[in-house]
file input02.tsv (TSV, C-alpha atoms)
chain	number	residue	atom	x	y	z
X	1	MET	CA	-16.79	-20.91	-15.29
X	2	LYS	CA	-20.06	-20.96	-13.34
X	3	LEU	CA	-21.28	-23.76	-15.62
X	4	LYS	CA	-18.26	-25.84	-14.59
X	5	TYR	CA	-19.18	-25.40	-10.93
X	6	THR	CA	-22.76	-26.45	-11.63
X	7	LEU	CA	-21.63	-29.53	-13.52
X	8	LEU	CA	-19.25	-30.48	-10.74
X	9	VAL	CA	-21.89	-30.19	-8.04
X	10	THR	CA	-24.30	-32.21	-10.20
X	11	ALA	CA	-21.65	-34.86	-10.74
X	12	LEU	CA	-20.92	-35.07	-7.02
X	13	ALA	CA	-24.61	-35.32	-6.19
X	14	SER	CA	-25.06	-38.13	-8.73
X	15	THR	CA	-22.57	-40.32	-6.83
X	16	THR	CA	-24.67	-40.58	-3.69
X	17	LEU	CA	-25.43	-44.22	-4.50
X	18	HIS	CA	-21.71	-45.03	-4.36
X	19	ALA	CA	-20.39	-42.69	-1.64
X	20	GLU	CA	-21.74	-40.63	1.19
X	21	VAL	CA	-21.74	-36.94	0.23
X	22	ASN	CA	-21.99	-34.27	2.92
X	23	ILE	CA	-22.71	-30.61	2.22
X	24	SER	CA	-22.26	-27.86	4.79
X	25	GLY	CA	-22.00	-24.12	4.50
X	26	PHE	CA	-21.24	-20.77	6.07
X	27	ALA	CA	-22.11	-17.16	5.34
X	28	SER	CA	-21.43	-13.64	6.52
X	29	MET	CA	-23.77	-10.76	5.76
X	30	THR	CA	-21.82	-7.68	6.79
X	31	GLY	CA	-22.22	-3.93	6.40
X	32	GLY	CA	-20.10	-1.00	7.43
X	33	GLN	CA	-18.60	2.37	6.63
X	34	VAL	CA	-15.73	4.70	7.48
X	35	LEU	CA	-16.82	7.27	10.07
X	36	SER	CA	-13.72	9.43	9.57
X	37	GLY	CA	-10.33	8.99	7.98
X	38	SER	CA	-7.31	10.64	6.42
X	39	GLY	CA	-6.94	8.47	3.34
X	40	VAL	CA	-3.56	8.59	1.60
X	41	PRO	CA	-3.48	11.90	-0.33
X	42	GLN	CA	-0.13	11.18	-2.01
X	43	PHE	CA	-1.66	8.08	-3.60
X	44	GLY	CA	-5.07	9.64	-4.29
X	45	LEU	CA	-6.78	7.25	-1.85
X	46	GLU	CA	-9.93	8.50	-0.16
X	47	PRO	CA	-10.70	7.65	3.51
X	48	THR	CA	-10.59	3.85	3.60
X	49	PHE	CA	-10.68	1.00	6.11
X	50	LEU	CA	-8.91	-2.05	4.67
X	51	ALA	CA	-10.63	-4.80	6.66
X	52	ASP	CA	-9.19	-7.77	4.77
X	53	TYR	CA	-5.86	-7.54	2.95
X	54	PRO	CA	-5.75	-10.62	0.65
X	55	ILE	CA	-9.36	-10.14	-0.51
X	56	VAL	CA	-9.08	-6.30	-0.57
X	57	SER	CA	-12.25	-5.81	1.48
X	58	ALA	CA	-12.22	-2.01	1.69
X	59	TYR	CA	-14.88	0.18	3.32
X	60	LYS	CA	-15.34	3.83	2.29
X	61	GLU	CA	-17.41	6.67	3.76
X	62	ASP	CA	-20.63	5.37	2.17
X	63	LEU	CA	-22.40	2.44	3.82
X	64	SER	CA	-21.62	-0.79	1.94
X	65	PHE	CA	-22.55	-4.45	2.36
X	66	SER	CA	-20.17	-5.87	-0.25
X	67	PRO	CA	-16.60	-5.81	1.17
X	68	GLU	CA	-16.88	-8.71	3.64
X	69	SER	CA	-20.15	-10.46	2.81
X	70	LEU	CA	-19.71	-13.99	1.52
X	71	ILE	CA	-21.28	-17.41	1.25
X	72	GLY	CA	-19.46	-20.73	1.09
X	73	LEU	CA	-20.28	-24.38	0.52
X	74	GLN	CA	-18.12	-27.31	1.56
X	75	ILE	CA	-18.69	-30.64	-0.13
X	76	SER	CA	-17.04	-33.78	1.19
X	77	SER	CA	-17.38	-37.40	0.20
X	78	ASP	CA	-16.26	-40.46	2.13
X	79	LEU	CA	-15.16	-43.03	-0.44
X	80	GLY	CA	-14.47	-45.69	2.16
X	81	GLU	CA	-11.31	-47.44	3.35
X	82	GLY	CA	-9.83	-44.16	4.61
X	83	LEU	CA	-10.17	-42.20	1.36
X	84	SER	CA	-12.17	-38.97	1.11
X	85	VAL	CA	-12.37	-35.87	-1.06
X	86	THR	CA	-13.25	-32.29	-0.05
X	87	GLY	CA	-14.06	-29.16	-2.02
X	88	GLN	CA	-14.94	-25.67	-0.84
X	89	ILE	CA	-16.55	-23.00	-3.02
X	90	VAL	CA	-16.75	-19.40	-1.82
X	91	ALA	CA	-18.55	-16.41	-3.37
X	92	ARG	CA	-17.45	-13.02	-2.00
X	93	GLY	CA	-19.05	-9.62	-2.27
X	94	ALA	CA	-15.58	-8.14	-2.79
X	95	ASN	CA	-15.36	-10.25	-5.98
X	96	ASP	CA	-18.92	-9.52	-7.20
X	97	TYR	CA	-19.99	-12.92	-5.78
X	98	ASP	CA	-18.15	-14.86	-8.47
X	99	ALA	CA	-17.82	-18.38	-7.03
X	100	GLU	CA	-14.31	-19.82	-6.83
X	101	PHE	CA	-12.80	-23.01	-5.47
X	102	GLU	CA	-10.82	-22.20	-2.33
X	103	TRP	CA	-10.13	-25.82	-1.38
X	104	ALA	CA	-10.00	-29.01	-3.46
X	105	TYR	CA	-8.10	-31.90	-1.94
X	106	ALA	CA	-8.09	-35.64	-1.28
X	107	SER	CA	-7.36	-37.24	2.10
X	108	TYR	CA	-6.15	-40.71	2.97
X	109	GLU	CA	-6.36	-41.81	6.60
X	110	ILE	CA	-3.30	-43.96	7.15
X	111	ASN	CA	-4.33	-44.89	10.68
X	112	ASP	CA	-5.99	-43.32	13.72
X	113	ASN	CA	-3.17	-40.76	14.07
X	114	TRP	CA	-1.86	-40.00	10.58
X	115	THR	CA	-3.58	-38.55	7.49
X	116	PHE	CA	-2.05	-37.70	4.11
X	117	GLN	CA	-3.62	-34.97	1.96
X	118	VAL	CA	-2.94	-33.64	-1.54
X	119	GLY	CA	-4.51	-30.80	-3.53
X	120	LYS	CA	-5.37	-27.14	-2.99
X	121	LYS	CA	-5.67	-25.96	0.62
X	122	ARG	CA	-5.38	-22.88	2.83
X	123	LEU	CA	-1.79	-22.01	3.70
X	124	PRO	CA	-1.66	-22.69	7.49
X	125	LEU	CA	0.43	-19.66	8.48
X	126	PHE	CA	-1.88	-18.35	11.18
X	127	TYR	CA	-4.01	-19.73	13.99
X	128	TYR	CA	-7.24	-18.83	12.17
X	129	SER	CA	-6.06	-19.73	8.65
X	130	ASP	CA	-8.05	-22.96	8.30
X	131	PHE	CA	-11.36	-21.27	9.17
X	132	TYR	CA	-10.52	-17.72	8.14
X	133	ASP	CA	-13.69	-17.37	6.03
X	134	VAL	CA	-15.99	-18.81	8.70
X	135	GLY	CA	-16.77	-15.71	10.75
X	136	TYR	CA	-19.02	-17.69	13.09
X	137	ALA	CA	-15.93	-19.58	14.32
X	138	TYR	CA	-14.32	-16.57	16.04
X	139	VAL	CA	-15.49	-13.79	18.31
X	140	TRP	CA	-14.59	-10.68	16.25
X	141	MET	CA	-16.02	-9.34	13.02
X	142	ARG	CA	-12.81	-10.54	11.34
X	143	ALA	CA	-9.35	-11.83	12.13
X	144	PRO	CA	-7.14	-8.76	12.81
X	145	ALA	CA	-6.03	-7.28	9.49
X	146	ASP	CA	-2.64	-6.12	10.81
X	147	ASN	CA	-1.78	-9.78	11.45
X	148	TYR	CA	-3.44	-11.39	8.42
X	149	THR	CA	-1.83	-9.21	5.75
X	150	TRP	CA	-0.18	-11.64	3.35
X	151	GLN	CA	-1.05	-11.61	-0.34
X	152	ILE	CA	-0.88	-15.41	-0.72
X	153	PHE	CA	-3.25	-17.48	1.41
X	154	ASN	CA	-3.70	-20.76	-0.53
X	155	TYR	CA	-1.25	-23.30	-1.91
X	156	GLU	CA	-1.22	-26.43	-4.04
X	157	GLY	CA	0.77	-29.35	-2.71
X	158	ALA	CA	0.75	-32.11	-0.13
X	159	ASN	CA	0.71	-32.35	3.65
X	160	LEU	CA	0.88	-34.92	6.43
X	161	LEU	CA	-1.35	-34.49	9.50
X	162	TYR	CA	-0.88	-35.98	12.95
X	163	SER	CA	-3.43	-36.05	15.77
X	164	GLY	CA	-2.84	-37.67	19.14
X	165	ALA	CA	-2.12	-37.12	22.82
X	166	ILE	CA	0.66	-37.41	25.37
X	167	GLY	CA	-0.79	-37.73	28.83
X	168	ASP	CA	-3.33	-34.93	29.33
X	169	TRP	CA	-1.94	-32.89	26.42
X	170	GLY	CA	-3.69	-33.02	23.06
X	171	ILE	CA	-1.27	-32.77	20.11
X	172	SER	CA	-1.81	-32.00	16.44
X	173	ALA	CA	0.83	-31.40	13.79
X	174	ASN	CA	1.00	-30.61	10.10
X	175	VAL	CA	3.98	-30.78	7.72
X	176	TYR	CA	3.34	-29.36	4.25
X	177	THR	CA	5.02	-28.51	0.96
X	178	GLY	CA	3.96	-27.01	-2.35
X	179	ARG	CA	3.71	-23.78	-4.31
X	180	GLU	CA	1.25	-21.08	-5.37
X	181	ASP	CA	1.25	-19.11	-8.63
X	182	ASP	CA	-1.31	-16.29	-8.50
X	183	THR	CA	-1.36	-14.94	-12.05
X	184	GLU	CA	-3.05	-11.67	-11.04
X	185	ASN	CA	-2.75	-11.20	-7.31
X	186	LYS	CA	-5.66	-9.09	-6.07
X	187	LEU	CA	-3.92	-7.25	-3.22
X	188	LEU	CA	-0.83	-6.33	-5.25
X	189	SER	CA	-2.60	-5.70	-8.57
X	190	GLU	CA	-5.61	-3.71	-7.39
X	191	PHE	CA	-4.46	-2.01	-4.20
X	192	PHE	CA	-0.71	-1.62	-3.76
X	193	PHE	CA	0.81	-1.49	-7.26
X	194	GLN	CA	-2.37	-0.86	-9.29
X	195	THR	CA	-0.85	-2.77	-12.18
X	196	PRO	CA	-1.18	-6.46	-13.17
X	197	THR	CA	1.05	-8.39	-10.76
X	198	ARG	CA	1.83	-12.09	-10.80
X	199	GLU	CA	2.93	-13.40	-7.39
X	200	ILE	CA	4.71	-16.75	-7.04
X	201	TRP	CA	5.61	-18.57	-3.84
X	202	GLU	CA	7.52	-21.75	-4.62
X	203	ASP	CA	9.53	-24.36	-2.74
X	204	ILE	CA	7.17	-23.92	0.20
X	205	LEU	CA	8.10	-26.08	3.17
X	206	GLY	CA	6.46	-25.61	6.56
X	207	GLY	CA	5.30	-27.17	9.77
X	208	VAL	CA	2.74	-26.52	12.49
X	209	LEU	CA	2.58	-27.91	16.03
X	210	GLN	CA	-0.44	-27.32	18.26
X	211	LEU	CA	-0.72	-28.30	21.93
X	212	SER	CA	-3.79	-28.10	24.16
X	213	TYR	CA	-4.27	-28.73	27.87
X	214	ASP	CA	-7.44	-27.83	29.74
X	215	TRP	CA	-7.69	-24.00	29.47
X	216	LEU	CA	-4.44	-23.47	27.54
X	217	GLU	CA	-3.74	-23.77	23.82
X	218	LEU	CA	-0.37	-23.18	22.13
X	219	ARG	CA	0.51	-23.16	18.43
X	220	VAL	CA	3.93	-22.73	16.82
X	221	THR	CA	4.64	-22.60	13.09
X	222	HIS	CA	7.51	-22.10	10.67
X	223	MET	CA	7.63	-21.87	6.87
X	224	ARG	CA	10.28	-21.24	4.21
X	225	TYR	CA	9.60	-20.26	0.61
X	226	THR	CA	11.04	-18.54	-2.48
X	227	ASN	CA	9.26	-15.46	-3.83
X	228	LYS	CA	9.13	-14.37	-7.49
X	229	ARG	CA	7.06	-11.49	-8.86
X	230	PHE	CA	6.16	-10.12	-12.27
X	231	ARG	CA	4.70	-6.64	-12.81
X	232	ASN	CA	3.26	-5.99	-16.27
X	233	GLY	CA	4.98	-9.18	-17.34
X	234	GLU	CA	8.43	-8.02	-16.26
X	235	PRO	CA	10.29	-9.74	-13.41
X	236	GLU	CA	10.82	-7.70	-10.27
X	237	LEU	CA	14.41	-7.61	-9.07
X	238	TRP	CA	15.68	-7.55	-5.50
X	239	ASN	CA	19.38	-6.65	-5.27
X	240	GLY	CA	19.80	-7.80	-8.87
X	241	SER	CA	18.05	-11.16	-8.35
X	242	ASP	CA	14.63	-12.18	-9.66
X	243	SER	CA	13.89	-14.19	-6.50
X	244	ARG	CA	14.22	-13.86	-2.75
X	245	ASP	CA	13.84	-16.30	0.13
X	246	GLY	CA	11.43	-15.78	3.02
X	247	LYS	CA	11.15	-17.35	6.46
X	248	PHE	CA	7.99	-17.12	8.54
X	249	TYR	CA	7.68	-17.77	12.28
X	250	GLY	CA	4.48	-17.77	14.33
X	251	LEU	CA	3.33	-18.29	17.90
X	252	ALA	CA	-0.25	-18.26	19.20
X	253	ALA	CA	-1.20	-18.61	22.86
X	254	ASN	CA	-4.83	-18.74	23.97
X	255	ALA	CA	-6.30	-19.08	27.45
X	256	ASP	CA	-9.98	-19.85	27.99
X	257	PHE	CA	-11.24	-19.90	31.58
X	258	GLY	CA	-14.92	-20.37	30.71
X	259	ASN	CA	-16.33	-16.87	30.88
X	260	VAL	CA	-13.01	-15.02	30.50
X	261	PHE	CA	-10.70	-15.60	27.54
X	262	ILE	CA	-7.42	-14.13	26.29
X	263	LEU	CA	-6.24	-14.61	22.70
X	264	SER	CA	-2.83	-13.71	21.27
X	265	GLU	CA	-0.74	-14.26	18.16
X	266	PHE	CA	2.82	-13.16	17.29
X	267	ASN	CA	4.41	-13.48	13.84
X	268	ARG	CA	7.67	-12.59	12.13
X	269	LEU	CA	8.51	-12.64	8.42
X	270	ASP	CA	12.19	-12.51	7.51
X	271	LEU	CA	12.10	-11.19	3.92
X	272	ASP	CA	14.59	-8.45	3.05
X	273	GLY	CA	14.52	-7.52	6.74
X	274	ASP	CA	12.19	-8.34	9.61
X	275	LEU	CA	8.46	-7.71	9.52
X	276	ASP	CA	6.66	-8.23	12.83
X	277	THR	CA	2.95	-8.46	13.56
X	278	TYR	CA	1.02	-9.30	16.69
X	279	MET	CA	-2.42	-9.14	18.22
X	280	ILE	CA	-3.89	-9.56	21.67
X	281	SER	CA	-7.56	-9.76	22.55
X	282	ALA	CA	-9.72	-10.41	25.61
X	283	GLY	CA	-13.41	-10.85	26.28
X	284	TYR	CA	-16.04	-12.01	28.73
X	285	ARG	CA	-19.02	-14.26	28.00
X	286	PHE	CA	-22.32	-13.16	29.56
X	287	ASP	CA	-24.34	-16.18	28.47
X	288	THR	CA	-25.11	-15.39	24.79
X	289	VAL	CA	-23.51	-11.92	24.78
X	290	THR	CA	-19.73	-11.50	24.53
X	291	PRO	CA	-18.10	-8.06	24.64
X	292	TYR	CA	-14.43	-7.96	23.64
X	293	ILE	CA	-11.45	-5.71	22.97
X	294	MET	CA	-8.56	-6.25	20.56
X	295	TYR	CA	-5.25	-4.61	19.66
X	296	SER	CA	-3.09	-5.52	16.64
X	297	ASN	CA	0.15	-4.13	15.27
X	298	PHE	CA	2.21	-4.33	12.06
X	299	GLU	CA	5.77	-3.03	11.90
X	300	GLN	CA	8.49	-3.37	9.30
X	301	LYS	CA	11.77	-3.10	11.18
X	302	ASP	CA	14.18	-1.97	8.45
X	303	GLY	CA	14.29	1.10	6.21
X	304	ASP	CA	14.19	4.86	6.71
X	305	ASP	CA	10.41	5.02	6.22
X	306	PRO	CA	9.05	1.62	7.24
X	307	GLU	CA	5.47	0.41	7.03
X	308	LYS	CA	3.87	0.71	10.46
X	309	HIS	CA	0.20	0.64	11.51
X	310	ASP	CA	-1.97	-0.61	14.36
X	311	THR	CA	-5.65	-1.17	15.13
X	312	ARG	CA	-7.69	-0.83	18.31
X	313	ALA	CA	-11.08	-2.50	18.27
X	314	ILE	CA	-14.02	-2.96	20.59
X	315	GLY	CA	-17.09	-5.01	19.82
X	316	VAL	CA	-19.92	-7.27	20.92
X	317	ARG	CA	-21.01	-10.70	19.73
X	318	TRP	CA	-24.57	-11.91	20.39
X	319	ASP	CA	-25.33	-15.59	19.77
X	320	PHE	CA	-29.04	-15.15	19.16
X	321	HIS	CA	-29.37	-18.55	17.45
X	322	PRO	CA	-27.58	-21.92	17.78
X	323	SER	CA	-26.16	-21.44	14.27
X	324	ALA	CA	-25.94	-17.64	13.97
X	325	ALA	CA	-24.34	-14.68	15.70
X	326	PHE	CA	-24.82	-10.93	15.35
X	327	LYS	CA	-21.70	-8.78	15.75
X	328	VAL	CA	-20.89	-5.09	15.81
X	329	GLN	CA	-17.35	-3.69	15.96
X	330	TYR	CA	-15.66	-0.29	16.08
X	331	ASP	CA	-12.11	-0.08	14.67
X	332	LYS	CA	-9.60	2.75	14.98
X	333	VAL	CA	-6.58	2.44	12.68
X	334	GLU	CA	-3.44	4.54	12.98
X	335	ASP	CA	-1.14	4.39	9.95
X	336	ASP	CA	2.27	5.86	10.82
X	337	SER	CA	3.79	5.15	7.39
X	338	THR	CA	4.48	7.68	4.64
X	339	ALA	CA	6.04	6.18	1.52
X	340	LEU	CA	4.59	2.78	2.48
X	341	ALA	CA	1.26	4.09	3.79
X	342	VAL	CA	-1.50	1.52	3.34
X	343	ALA	CA	-4.87	3.25	3.82
X	344	GLY	CA	-4.14	6.05	6.30
X	345	ASP	CA	-5.82	6.64	9.63
X	346	SER	CA	-9.47	5.70	9.97
X	347	GLU	CA	-12.35	5.11	12.35
X	348	SER	CA	-15.02	2.68	11.16
X	349	LEU	CA	-18.09	0.79	12.26
X	350	THR	CA	-19.07	-2.63	10.91
X	351	PHE	CA	-21.90	-4.99	11.81
X	352	GLY	CA	-23.36	-8.21	10.51
X	353	ILE	CA	-24.54	-11.77	10.96
X	354	ASP	CA	-22.29	-14.85	10.71
X	355	LEU	CA	-23.94	-18.23	10.35
X	356	VAL	CA	-23.23	-21.86	9.60
X	357	PHE	CA	-25.54	-24.47	8.09

call {"tool": "encode", "arguments": {"input": "input02.tsv", "output": "structure tokens"}}
result
Amino acid sequence: MKLKYTLLVTALASTTLHAEVNISGFASMTGGQVLSGSGVPQFGLEPTFLADYPIVSAYKEDLSFSPESLIGLQISSDLGEGLSVTGQIVARGANDYDAEFEWAYASYEINDNWTFQVGKKRLPLFYYSDFYDVGYAYVWMRAPADNYTWQIFNYEGANLLYSGAIGDWGISANVYTGREDDTENKLLSEFFFQTPTREIWEDILGGVLQLSYDWLELRVTHMRYTNKRFRNGEPELWNGSDSRDGKFYGLAANADFGNVFILSEFNRLDLDGDLDTYMISAGYRFDTVTPYIMYSNFEQKDGDDPEKHDTRAIGVRWDFHPSAAFKVQYDKVEDDSTALAVAGDSESLTFGIDLVF
């Protein structure tokens, strides 16, 4: 597999005489550990801080630098006349630094406002989805895990982008469709079910609308899909059916007044009942140093013993270099679930450097 990546990069580099090839990158070198925690005794889970759900970036009581460290390369080539191609390769410590393609898509610029894309991309459910792996792009150590919990985060399909303005309002929109078939989903296979689990999201159809005006930014999103799942090769049934339909709704509202900023995001998943998540964060920029606080919450509304957990975080970001930032963050997680307990209560400390190049 690694040989294929090498051959691809070599092939792309060899086309520089015919097309302009741009290479950029990002990296996070992060360490951390659980200071105290309950674990989940009924599941045999030791004290754990699950920092990233889809990647299963889990810290234990011993100091570790693997769970969230990563390095990524983005390669793009402008083929002229509005046509371009983009690929992104990411190697994660949580996956033993095995490099994998996260993005691979072609774009055609129809005109100054409209762009058509096809291929493999990040599923744009959340405000930070498109740059989720680029830690330098946001203030915290990570996007709040209670919000960004879903097991599927990429899709293969097509989308239509719009970018323009109405008066003083900037407008961007994205309509997309496709599917994703994860033959051995990491979150479900390794953490929740601990058995080989194939997760399928098909008939995906969604849209995103983002508005910006001076200090205010708003983003609304909606997606529908059909979910199928196989555990140990056998289809999972929900009320006698091997599929179920989900509807996702999201709203993000951000206010940036220069030194002071407030960030928020609210999401609902209608899938066999309502599942609500939200986060709110605030900070103050003192030149290159930015202290911040954050609260996030996850709550499944239905059932006698629903999944429910929240996180309180406080941290500092220091932009010590034009392309790099040092961060340190303390997280306190309270897991109020029993049968659906995720990782139990925990207090943890993480730190690291995010950079772009």

call {"tool": "residues_around", "arguments": {"input": "input02.tsv", "residues": "Thr86 of chain X", "least_positions_apart": "3", "cutoff": "10 Å", "atoms": "all atoms listed in the file", "output": "list in words"}}
result
Val21, Asn22, Ile23, Gln74, Ile75, Ser76, Ser77, Asp78, Trp103, Ala104, Tyr105, Ala106, Ser107, Gly119, Lys120 and Lys121 of chain X

call {"tool": "closest_atom_pairs", "arguments": {"input": "input02.tsv", "of": "segment 109-158 of chain X", "to": "segment 210-233 of chain X", "cutoff": "9 Å", "atoms": "only C-alpha atoms", "output": "CSV"}}
result
residue,atom,partner,partner_atom,distance
X:Pro124,CA,X:Thr221,CA,8.4
X:Leu125,CA,X:Thr221,CA,6.9
X:Phe126,CA,X:Thr221,CA,8.0
X:Tyr127,CA,X:Arg219,CA,7.2

call {"tool": "closest_residue", "arguments": {"input": "input02.tsv", "among": "X:Tyr53, X:Phe43, X:Phe116, X:Tyr292", "to": "Thr149 of chain X", "atoms": "all atoms listed in the file"}}
result
X:Tyr53

call {"tool": "closest_residue", "arguments": {"input": "input02.tsv", "among": "X:Gln329, X:Gln151, X:Gln194, X:Ser337", "to": "Gln33 of chain X", "atoms": "only C-alpha atoms"}}
result
X:Gln329

call {"tool": "closest_residue", "arguments": {"input": "input02.tsv", "among": "X:Gly283, X:Gly37, X:Pro306, X:Gly170", "to": "Thr338 of chain X", "atoms": "only C-alpha atoms"}}
result
X:Pro306

call {"tool": "residues_near_point", "arguments": {"input": "input02.tsv", "point": "(-9.7, -10.6, 9.6)", "cutoff": "10 Å", "atoms": "all atoms listed in the file", "output": "list in words"}}
result
Leu50, Ala51, Asp52, Tyr53, Pro54, Ser57, Glu68, Tyr128, Ser129, Tyr132, Asp133, Gly135, Tyr138, Trp140, Met141, Arg142, Ala143, Pro144, Ala145, Asp146, Asn147, Tyr148 and Thr149 of chain X

call {"tool": "write_last_selection", "arguments": {"input": "input02.tsv", "atoms": "C-alpha atoms", "output": "PDB file, in the frame of the given file"}}
result
ATOM      1  CA  LEU X  50      -8.910  -2.050   4.670  1.00  0.00           C
ATOM      2  CA  ALA X  51     -10.630  -4.800   6.660  1.00  0.00           C
ATOM      3  CA  ASP X  52      -9.190  -7.770   4.770  1.00  0.00           C
ATOM      4  CA  TYR X  53      -5.860  -7.540   2.950  1.00  0.00           C
ATOM      5  CA  PRO X  54      -5.750 -10.620   0.650  1.00  0.00           C
ATOM      6  CA  SER X  57     -12.250  -5.810   1.480  1.00  0.00           C
ATOM      7  CA  GLU X  68     -16.880  -8.710   3.640  1.00  0.00           C
ATOM      8  CA  TYR X 128      -7.240 -18.830  12.170  1.00  0.00           C
ATOM      9  CA  SER X 129      -6.060 -19.730   8.650  1.00  0.00           C
ATOM     10  CA  TYR X 132     -10.520 -17.720   8.140  1.00  0.00           C
ATOM     11  CA  ASP X 133     -13.690 -17.370   6.030  1.00  0.00           C
ATOM     12  CA  GLY X 135     -16.770 -15.710  10.750  1.00  0.00           C
ATOM     13  CA  TYR X 138     -14.320 -16.570  16.040  1.00  0.00           C
ATOM     14  CA  TRP X 140     -14.590 -10.680  16.250  1.00  0.00           C
ATOM     15  CA  MET X 141     -16.020  -9.340  13.020  1.00  0.00           C
ATOM     16  CA  ARG X 142     -12.810 -10.540  11.340  1.00  0.00           C
ATOM     17  CA  ALA X 143      -9.350 -11.830  12.130  1.00  0.00           C
ATOM     18  CA  PRO X 144      -7.140  -8.760  12.810  1.00  0.00           C
ATOM     19  CA  ALA X 145      -6.030  -7.280   9.490  1.00  0.00           C
ATOM     20  CA  ASP X 146      -2.640  -6.120  10.810  1.00  0.00           C
ATOM     21  CA  ASN X 147      -1.780  -9.780  11.450  1.00  0.00           C
ATOM     22  CA  TYR X 148      -3.440 -11.390   8.420  1.00  0.00           C
ATOM     23  CA  THR X 149      -1.830  -9.210   5.750  1.00  0.00           C
TER      24      THR X 149
END

call {"tool": "axis_aligned_box", "arguments": {"input": "input02.tsv", "around": "segment 231-246 of chain X", "padding_each_side": "8 Å", "output": "lines of an AutoDock Vina configuration file"}}
result
center_x = 11.5
center_y = -11.1
center_z = -7.2
size_x = 32.5
size_y = 26.3
size_z = 36.4

call {"tool": "closest_residue", "arguments": {"input": "input02.tsv", "among": "X:Thr350, X:Asn297, X:Asn159, X:Ser241", "to": "Gly315 of chain X", "atoms": "only C-alpha atoms"}}
result
X:Thr350

call {"tool": "residues_near_point", "arguments": {"input": "input02.tsv", "point": "(-7.7, 7.9, 10.3)", "cutoff": "10 Å", "atoms": "only C-alpha atoms", "output": "VMD selection string"}}
result
chain X and resid 34 to 40 47 to 49 332 to 335 343 to 348

call {"tool": "atom_distance", "arguments": {"input": "input02.tsv", "atom1": "atom CA of Lys308 of chain X", "atom2": "atom CA of Asp336 of chain X"}}
result
5.4 Å

call {"tool": "residues_around", "arguments": {"input": "input02.tsv", "residues": "Tyr155 of chain X", "least_positions_apart": "5", "cutoff": "9 Å", "atoms": "all atoms listed in the file", "output": "ChimeraX atom specification"}}
result
/X:119-123,177-181,201,204
